[in-house]
file work_30.cif (mmCIF, C-alpha atoms, pLDDT in the B column; chains and numbers go by the auth columns)
data_my_file
loop_
_atom_site.group_PDB
_atom_site.id
_atom_site.type_symbol
_atom_site.label_atom_id
_atom_site.label_comp_id
_atom_site.label_asym_id
_atom_site.label_seq_id
_atom_site.Cartn_x
_atom_site.Cartn_y
_atom_site.Cartn_z
_atom_site.B_iso_or_equiv
_atom_site.auth_seq_id
_atom_site.auth_asym_id
ATOM 1 C CA MET A 1 179.043 96.453 115.602 43.00 1 A
ATOM 2 C CA SER A 2 176.228 93.963 115.765 45.00 2 A
ATOM 3 C CA LYS A 3 175.893 91.256 118.411 51.00 3 A
ATOM 4 C CA THR A 4 177.681 88.805 116.140 48.00 4 A
ATOM 5 C CA GLY A 5 180.738 91.054 115.885 50.00 5 A
ATOM 6 C CA VAL A 6 180.101 91.775 112.206 49.00 6 A
ATOM 7 C CA LEU A 7 179.912 95.388 111.152 53.00 7 A
ATOM 8 C CA ALA A 8 176.292 96.368 110.623 54.00 8 A
ATOM 9 C CA PHE A 9 175.368 98.917 107.979 56.00 9 A
ATOM 10 C CA ASN A 10 172.307 100.200 106.235 60.00 10 A
ATOM 11 C CA ALA A 11 172.694 99.463 102.519 61.00 11 A
ATOM 12 C CA GLU A 12 170.495 102.409 101.545 67.00 12 A
ATOM 13 C CA GLU A 13 172.680 104.814 103.545 62.00 13 A
ATOM 14 C CA LEU A 14 175.792 103.329 101.988 54.00 14 A
ATOM 15 C CA VAL A 15 174.434 103.808 98.466 58.00 15 A
ATOM 16 C CA GLN A 16 173.426 107.392 99.248 57.00 16 A
ATOM 17 C CA GLN A 17 176.853 108.134 100.702 52.00 17 A
ATOM 18 C CA PHE A 18 178.599 107.070 97.511 57.00 18 A
ATOM 19 C CA ARG A 19 176.311 108.801 94.995 58.00 19 A
ATOM 20 C CA ASP A 20 179.253 111.063 94.140 59.00 20 A
ATOM 21 C CA ALA A 21 181.003 108.033 92.659 60.00 21 A
ATOM 22 C CA SER A 22 178.993 108.728 89.485 61.00 22 A
ATOM 23 C CA LYS A 23 181.508 111.461 88.650 62.00 23 A
ATOM 24 C CA ALA A 24 184.061 108.684 88.081 67.00 24 A
ATOM 25 C CA ARG A 25 181.909 106.956 85.464 79.00 25 A
ATOM 26 C CA PRO A 26 183.188 107.391 81.917 82.00 26 A
ATOM 27 C CA VAL A 27 181.653 110.147 79.812 81.00 27 A
ATOM 28 C CA SER A 28 181.983 110.638 76.052 87.00 28 A
ATOM 29 C CA HIS A 29 183.233 114.215 76.255 86.00 29 A
ATOM 30 C CA CYS A 30 184.190 117.093 78.491 86.00 30 A
ATOM 31 C CA SER A 31 184.017 120.843 77.986 90.00 31 A
ATOM 32 C CA VAL A 32 186.788 122.922 79.515 87.00 32 A
ATOM 33 C CA SER A 33 187.564 126.612 79.392 89.00 33 A
ATOM 34 C CA LEU A 34 191.318 127.229 79.501 87.00 34 A
ATOM 35 C CA ASP A 35 191.679 130.383 81.572 80.00 35 A
ATOM 36 C CA ASN A 36 194.328 132.607 83.164 69.00 36 A
ATOM 37 C CA LEU A 37 196.231 133.095 79.934 70.00 37 A
ATOM 38 C CA SER A 38 198.844 135.820 80.048 71.00 38 A
ATOM 39 C CA ASP A 39 199.589 135.838 76.308 78.00 39 A
ATOM 40 C CA HIS A 40 196.131 134.902 74.906 77.00 40 A
ATOM 41 C CA HIS A 41 197.011 131.356 73.901 83.00 41 A
ATOM 42 C CA ALA A 42 197.108 127.977 75.583 87.00 42 A
ATOM 43 C CA LYS A 43 199.451 125.043 75.272 91.00 43 A
ATOM 44 C CA VAL A 44 198.174 121.492 75.730 93.00 44 A
ATOM 45 C CA CYS A 45 200.380 118.454 76.307 94.00 45 A
ATOM 46 C CA LEU A 46 199.368 114.816 76.037 93.00 46 A
ATOM 47 C CA PHE A 47 200.831 112.531 78.713 91.00 47 A
ATOM 48 C CA SER A 48 200.691 108.919 77.601 90.00 48 A
ATOM 49 C CA ASP A 49 202.691 105.716 77.976 88.00 49 A
ATOM 50 C CA GLN A 50 204.935 106.705 80.876 89.00 50 A
ATOM 51 C CA HIS A 51 204.578 103.189 82.355 86.00 51 A
ATOM 52 C CA ILE A 52 205.404 104.205 85.936 89.00 52 A
ATOM 53 C CA GLY A 53 206.750 101.093 87.650 87.00 53 A
ATOM 54 C CA SER A 54 208.328 99.601 84.530 85.00 54 A
ATOM 55 C CA LYS A 55 212.069 99.033 84.473 86.00 55 A
ATOM 56 C CA TYR A 56 212.046 101.030 81.220 87.00 56 A
ATOM 57 C CA CYS A 57 210.390 104.144 82.698 86.00 57 A
ATOM 58 C CA VAL A 58 212.856 107.027 83.010 88.00 58 A
ATOM 59 C CA PHE A 59 210.940 108.712 85.804 89.00 59 A
ATOM 60 C CA ASP A 60 213.304 111.682 86.112 92.00 60 A
ATOM 61 C CA GLU A 61 212.449 112.664 82.525 94.00 61 A
ATOM 62 C CA VAL A 62 208.728 112.092 83.106 92.00 62 A
ATOM 63 C CA ARG A 63 208.851 114.260 86.248 94.00 63 A
ATOM 64 C CA ALA A 64 210.832 116.954 84.378 96.00 64 A
ATOM 65 C CA MET A 65 208.099 117.139 81.724 96.00 65 A
ATOM 66 C CA ARG A 66 205.414 117.412 84.388 96.00 66 A
ATOM 67 C CA ASP A 67 207.394 120.136 86.176 98.00 67 A
ATOM 68 C CA ARG A 68 207.770 122.063 82.913 97.00 68 A
ATOM 69 C CA CYS A 69 204.002 121.930 82.410 96.00 69 A
ATOM 70 C CA VAL A 70 203.434 123.289 85.917 97.00 70 A
ATOM 71 C CA ARG A 71 206.111 125.973 85.552 96.00 71 A
ATOM 72 C CA GLU A 72 204.913 127.154 82.120 93.00 72 A
ATOM 73 C CA GLY A 73 201.163 126.696 82.670 93.00 73 A
ATOM 74 C CA ILE A 74 200.805 123.969 80.026 94.00 74 A
ATOM 75 C CA TYR A 75 197.494 122.093 80.240 95.00 75 A
ATOM 76 C CA VAL A 76 197.623 118.280 80.282 96.00 76 A
ATOM 77 C CA ILE A 77 195.413 115.488 78.969 95.00 77 A
ATOM 78 C CA ILE A 78 196.184 112.041 80.374 93.00 78 A
ATOM 79 C CA GLY A 79 196.205 109.503 77.549 91.00 79 A
ATOM 80 C CA GLY A 80 196.551 106.198 79.378 87.00 80 A
ATOM 81 C CA ASP A 81 199.303 103.732 80.299 86.00 81 A
ATOM 82 C CA LEU A 82 200.689 105.981 82.992 88.00 82 A
ATOM 83 C CA ILE A 83 201.396 102.860 85.072 85.00 83 A
ATOM 84 C CA GLU A 84 202.951 99.569 84.004 82.00 84 A
ATOM 85 C CA GLY A 85 200.126 97.631 85.643 79.00 85 A
ATOM 86 C CA ALA A 86 201.394 94.157 84.773 75.00 86 A
ATOM 87 C CA THR A 87 199.434 91.264 86.268 75.00 87 A
ATOM 88 C CA ARG A 88 200.059 87.542 86.210 75.00 88 A
ATOM 89 C CA HIS A 89 197.780 87.366 83.148 72.00 89 A
ATOM 90 C CA SER A 90 199.817 89.952 81.205 72.00 90 A
ATOM 91 C CA ILE A 91 201.749 88.891 78.151 72.00 91 A
ATOM 92 C CA GLY A 92 205.467 88.356 78.782 65.00 92 A
ATOM 93 C CA ALA A 93 207.397 88.656 82.027 66.00 93 A
ATOM 94 C CA GLY A 94 206.204 92.174 82.948 67.00 94 A
ATOM 95 C CA VAL A 95 204.743 91.164 86.286 70.00 95 A
ATOM 96 C CA TYR A 96 208.157 89.854 87.336 72.00 96 A
ATOM 97 C CA GLU A 97 210.125 92.742 85.858 77.00 97 A
ATOM 98 C CA GLN A 98 208.175 95.636 87.403 81.00 98 A
ATOM 99 C CA MET A 99 210.231 97.916 89.617 86.00 99 A
ATOM 100 C CA LEU A 100 207.196 98.812 91.755 85.00 100 A
ATOM 101 C CA PRO A 101 204.278 96.622 92.831 84.00 101 A
ATOM 102 C CA PRO A 102 200.856 97.738 91.521 84.00 102 A
ATOM 103 C CA THR A 103 199.760 99.542 94.714 86.00 103 A
ATOM 104 C CA GLU A 104 202.946 101.616 94.752 90.00 104 A
ATOM 105 C CA GLN A 105 202.477 102.387 91.048 87.00 105 A
ATOM 106 C CA VAL A 106 199.045 103.852 91.799 89.00 106 A
ATOM 107 C CA PHE A 107 200.387 105.891 94.748 91.00 107 A
ATOM 108 C CA ALA A 108 203.274 107.126 92.575 91.00 108 A
ATOM 109 C CA LEU A 109 200.752 108.104 89.878 91.00 109 A
ATOM 110 C CA LEU A 110 198.614 110.054 92.352 93.00 110 A
ATOM 111 C CA ASP A 111 201.705 111.846 93.721 93.00 111 A
ATOM 112 C CA PHE A 112 202.875 112.539 90.169 94.00 112 A
ATOM 113 C CA LEU A 113 199.566 114.118 89.092 95.00 113 A
ATOM 114 C CA GLU A 114 198.959 116.188 92.233 96.00 114 A
ATOM 115 C CA PRO A 115 201.012 119.263 91.147 97.00 115 A
ATOM 116 C CA LEU A 116 199.067 119.394 87.857 97.00 116 A
ATOM 117 C CA VAL A 117 195.771 119.265 89.741 96.00 117 A
ATOM 118 C CA LYS A 118 196.838 121.920 92.267 96.00 118 A
ATOM 119 C CA SER A 119 197.828 124.158 89.343 96.00 119 A
ATOM 120 C CA LYS A 120 194.443 123.477 87.654 95.00 120 A
ATOM 121 C CA LEU A 121 196.175 122.159 84.542 96.00 121 A
ATOM 122 C CA LEU A 122 194.697 118.648 84.297 96.00 122 A
ATOM 123 C CA ILE A 123 191.975 118.623 81.622 95.00 123 A
ATOM 124 C CA SER A 124 190.853 114.974 81.476 94.00 124 A
ATOM 125 C CA VAL A 125 192.010 111.379 81.837 94.00 125 A
ATOM 126 C CA ILE A 126 191.490 108.232 79.792 93.00 126 A
ATOM 127 C CA ARG A 127 192.369 104.605 80.440 90.00 127 A
ATOM 128 C CA GLY A 128 195.072 102.795 78.487 87.00 128 A
ATOM 129 C CA ASN A 129 195.476 99.083 77.922 81.00 129 A
ATOM 130 C CA HIS A 130 197.853 98.797 80.907 82.00 130 A
ATOM 131 C CA GLU A 131 195.221 100.221 83.284 82.00 131 A
ATOM 132 C CA GLN A 132 192.659 98.042 81.490 82.00 132 A
ATOM 133 C CA ARG A 133 194.507 94.978 82.828 81.00 133 A
ATOM 134 C CA PHE A 134 193.182 95.708 86.313 81.00 134 A
ATOM 135 C CA MET A 135 189.660 96.114 84.930 80.00 135 A
ATOM 136 C CA LYS A 136 189.957 92.764 83.192 82.00 136 A
ATOM 137 C CA ASP A 137 191.529 90.866 86.108 79.00 137 A
ATOM 138 C CA VAL A 138 189.862 92.351 89.202 81.00 138 A
ATOM 139 C CA GLY A 139 187.278 94.923 88.046 81.00 139 A
ATOM 140 C CA LEU A 140 189.237 97.929 89.355 84.00 140 A
ATOM 141 C CA ASP A 141 189.317 100.953 87.048 88.00 141 A
ATOM 142 C CA ILE A 142 192.486 102.803 88.079 89.00 142 A
ATOM 143 C CA MET A 143 191.775 105.875 85.950 90.00 143 A
ATOM 144 C CA ALA A 144 188.219 106.156 87.294 90.00 144 A
ATOM 145 C CA LEU A 145 189.815 106.236 90.734 88.00 145 A
ATOM 146 C CA VAL A 146 192.219 108.973 89.592 90.00 146 A
ATOM 147 C CA ALA A 147 189.351 110.999 88.105 91.00 147 A
ATOM 148 C CA TYR A 148 187.325 110.606 91.289 89.00 148 A
ATOM 149 C CA VAL A 149 190.186 111.547 93.628 90.00 149 A
ATOM 150 C CA PHE A 150 191.104 114.649 91.631 92.00 150 A
ATOM 151 C CA GLY A 151 187.627 115.636 90.403 91.00 151 A
ATOM 152 C CA VAL A 152 188.549 115.687 86.703 93.00 152 A
ATOM 153 C CA PRO A 153 186.549 114.337 83.752 94.00 153 A
ATOM 154 C CA TYR A 154 187.044 110.645 82.975 93.00 154 A
ATOM 155 C CA LEU A 155 186.637 109.721 79.309 93.00 155 A
ATOM 156 C CA GLY A 156 186.941 105.937 79.702 90.00 156 A
ATOM 157 C CA GLY A 157 188.863 104.449 76.770 89.00 157 A
ATOM 158 C CA GLY A 158 188.649 107.681 74.774 91.00 158 A
ATOM 159 C CA GLY A 159 186.552 110.722 74.107 92.00 159 A
ATOM 160 C CA PHE A 160 186.232 114.331 73.006 95.00 160 A
ATOM 161 C CA ASN A 161 187.777 117.313 74.775 94.00 161 A
ATOM 162 C CA TYR A 162 185.915 120.492 73.830 95.00 162 A
ATOM 163 C CA LEU A 163 188.341 123.258 74.703 94.00 163 A
ATOM 164 C CA ARG A 164 187.657 126.985 74.784 92.00 164 A
ATOM 165 C CA VAL A 165 190.470 129.520 74.715 91.00 165 A
ATOM 166 C CA GLU A 166 188.952 132.968 74.988 88.00 166 A
ATOM 167 C CA ASP A 167 186.651 133.214 71.907 88.00 167 A
ATOM 168 C CA GLN A 168 188.178 130.239 70.093 90.00 168 A
ATOM 169 C CA ARG A 169 186.877 126.690 70.377 94.00 169 A
ATOM 170 C CA TYR A 170 188.832 123.504 69.693 93.00 170 A
ATOM 171 C CA ILE A 171 187.832 119.854 69.549 94.00 171 A
ATOM 172 C CA LEU A 172 190.404 117.242 70.450 91.00 172 A
ATOM 173 C CA TYR A 173 189.571 113.532 70.312 93.00 173 A
ATOM 174 C CA TYR A 174 191.853 110.942 71.854 90.00 174 A
ATOM 175 C CA GLU A 175 191.765 107.223 72.490 89.00 175 A
ATOM 176 C CA HIS A 176 194.622 105.048 73.641 86.00 176 A
ATOM 177 C CA GLY A 177 194.263 101.779 71.781 76.00 177 A
ATOM 178 C CA SER A 178 196.442 98.744 72.411 69.00 178 A
ATOM 179 C CA GLY A 179 198.529 96.103 70.781 62.00 179 A
ATOM 180 C CA GLY A 180 201.558 98.035 69.539 57.00 180 A
ATOM 181 C CA PRO A 181 202.329 99.278 66.044 53.00 181 A
ATOM 182 C CA ARG A 182 200.424 97.865 63.089 56.00 182 A
ATOM 183 C CA PHE A 183 203.040 98.508 60.406 50.00 183 A
ATOM 184 C CA PHE A 184 206.698 97.562 60.143 51.00 184 A
ATOM 185 C CA HIS A 185 207.781 101.183 59.691 47.00 185 A
ATOM 186 C CA THR A 186 206.094 102.443 62.892 41.00 186 A
#

call {"tool": "encode", "arguments": {"input": "work_30.cif", "output": "structure tokens"}}
result
Amino acid sequence: MSKTGVLAFNAEELVQQFRDASKARPVSHCSVSLDNLSDHHAKVCLFSDQHIGSKYCVFDEVRAMRDRCVREGIYVIIGGDLIEGATRHSIGAGVYEQMLPPTEQVFALLDFLEPLVKSKLLISVIRGNHEQRFMKDVGLDIMALVAYVFGVPYLGGGGFNYLRVEDQRYILYYEHGSGGPRFFHT
């Protein structure tokens, strides 16, 4: 502490200390080798639109799908909108209908993803429009935080996953989008 009672810090040291934060910046692609395959093939599941914290989220079913992925060694790509993330600027009454406040939604998300990370099954994460709300309102990128905490590639609003399974290579592109269906039949 300084004489004035305010915490004193060296800005240069602070910047140096957080250089690793660059791994949470969005990249356009990631390259991942899917290993430890007992039957020479890999399964990949896309997790998107779970809306943890929403009154419409059936978390027991979401958890069951995650547990199946862990049990069966199914790799996972996070496709956005894993939290409800309603703010006072959101359309509709979502902020008043959420079952969990935003901080608890983020903690629930981190707890939810941890078994996938420990099993080395999480390939990459992208941000959906519900996480984008926090970026818009307060400048906090929830999925960048998730990528940083777990050390997985962060593809921003979308990007390429270059996957290798033994001698085979696959390219998977994903972006979340927003705004709901565009056609009456969807």

call {"tool": "atom_distance", "arguments": {"input": "work_30.cif", "atom1": "CA of Glu72 in chain A", "atom2": "CA of Tyr56 in chain A"}}
result
27.1 Å

call {"tool": "resolve_selection", "arguments": {"input": "work_30.cif", "expression": "the PyMOL selection byres ((chain A and resi 130-141) around 9)", "output": "list of chain:residue names"}}
result
A:Asp49, A:His51, A:Gly80, A:Asp81, A:Leu82, A:Ile83, A:Glu84, A:Gly85, A:Ala86, A:Thr87, A:His89, A:Ser90, A:Arg127, A:Gly128, A:Asn129, A:Ile142, A:Met143, A:Ala144, A:Leu145, A:Val146, A:Gly157, A:Ser178

call {"tool": "resolve_selection", "arguments": {"input": "work_30.cif", "expression": "the PyMOL selection byres ((chain A and resi 156) around 7)", "output": "NGL selection string"}}
result
:A and (26-27 or 126-127 or 154-155 or 157-158)

call {"tool": "resolve_selection", "arguments": {"input": "work_30.cif", "expression": "the PyMOL selection byres ((chain A and resi 119) around 10)", "output": "list in words"}}
result
Cys69, Val70, Arg71, Gly73, Ile74, Tyr75, Glu114, Pro115, Leu116, Val117, Lys118, Lys120, Leu121 and Leu122 of chain A

call {"tool": "atom_distance", "arguments": {"input": "work_30.cif", "atom1": "CA of Ile78 in chain A", "atom2": "CA of Leu113 in chain A"}}
result
9.6 Å

call {"tool": "closest_residue", "arguments": {"input": "work_30.cif", "among": "A:Gln98, A:Arg164, A:Met65, A:Gly79", "to": "Ser48 in chain A", "atoms": "only C-alpha atoms"}}
result
A:Gly79

call {"tool": "atom_distance", "arguments": {"input": "work_30.cif", "atom1": "CA of Ala64 in chain A", "atom2": "CA of Ile123 in chain A"}}
result
19.1 Å

call {"tool": "closest_residue", "arguments": {"input": "work_30.cif", "among": "A:Gly151, A:Cys57, A:Cys30, A:Arg66", "to": "Cys45 in chain A", "atoms": "all atoms listed in the file"}}
result
A:Arg66

call {"tool": "closest_residue", "arguments": {"input": "work_30.cif", "among": "A:Leu37, A:Ala147, A:Leu46, A:Ile77", "to": "Asn161 in chain A", "atoms": "all atoms listed in the file"}}
result
A:Ile77

call {"tool": "closest_residue", "arguments": {"input": "work_30.cif", "among": "A:Ile91, A:Leu163, A:Gly53, A:Arg25", "to": "Tyr148 in chain A", "atoms": "all atoms listed in the file"}}
result
A:Arg25
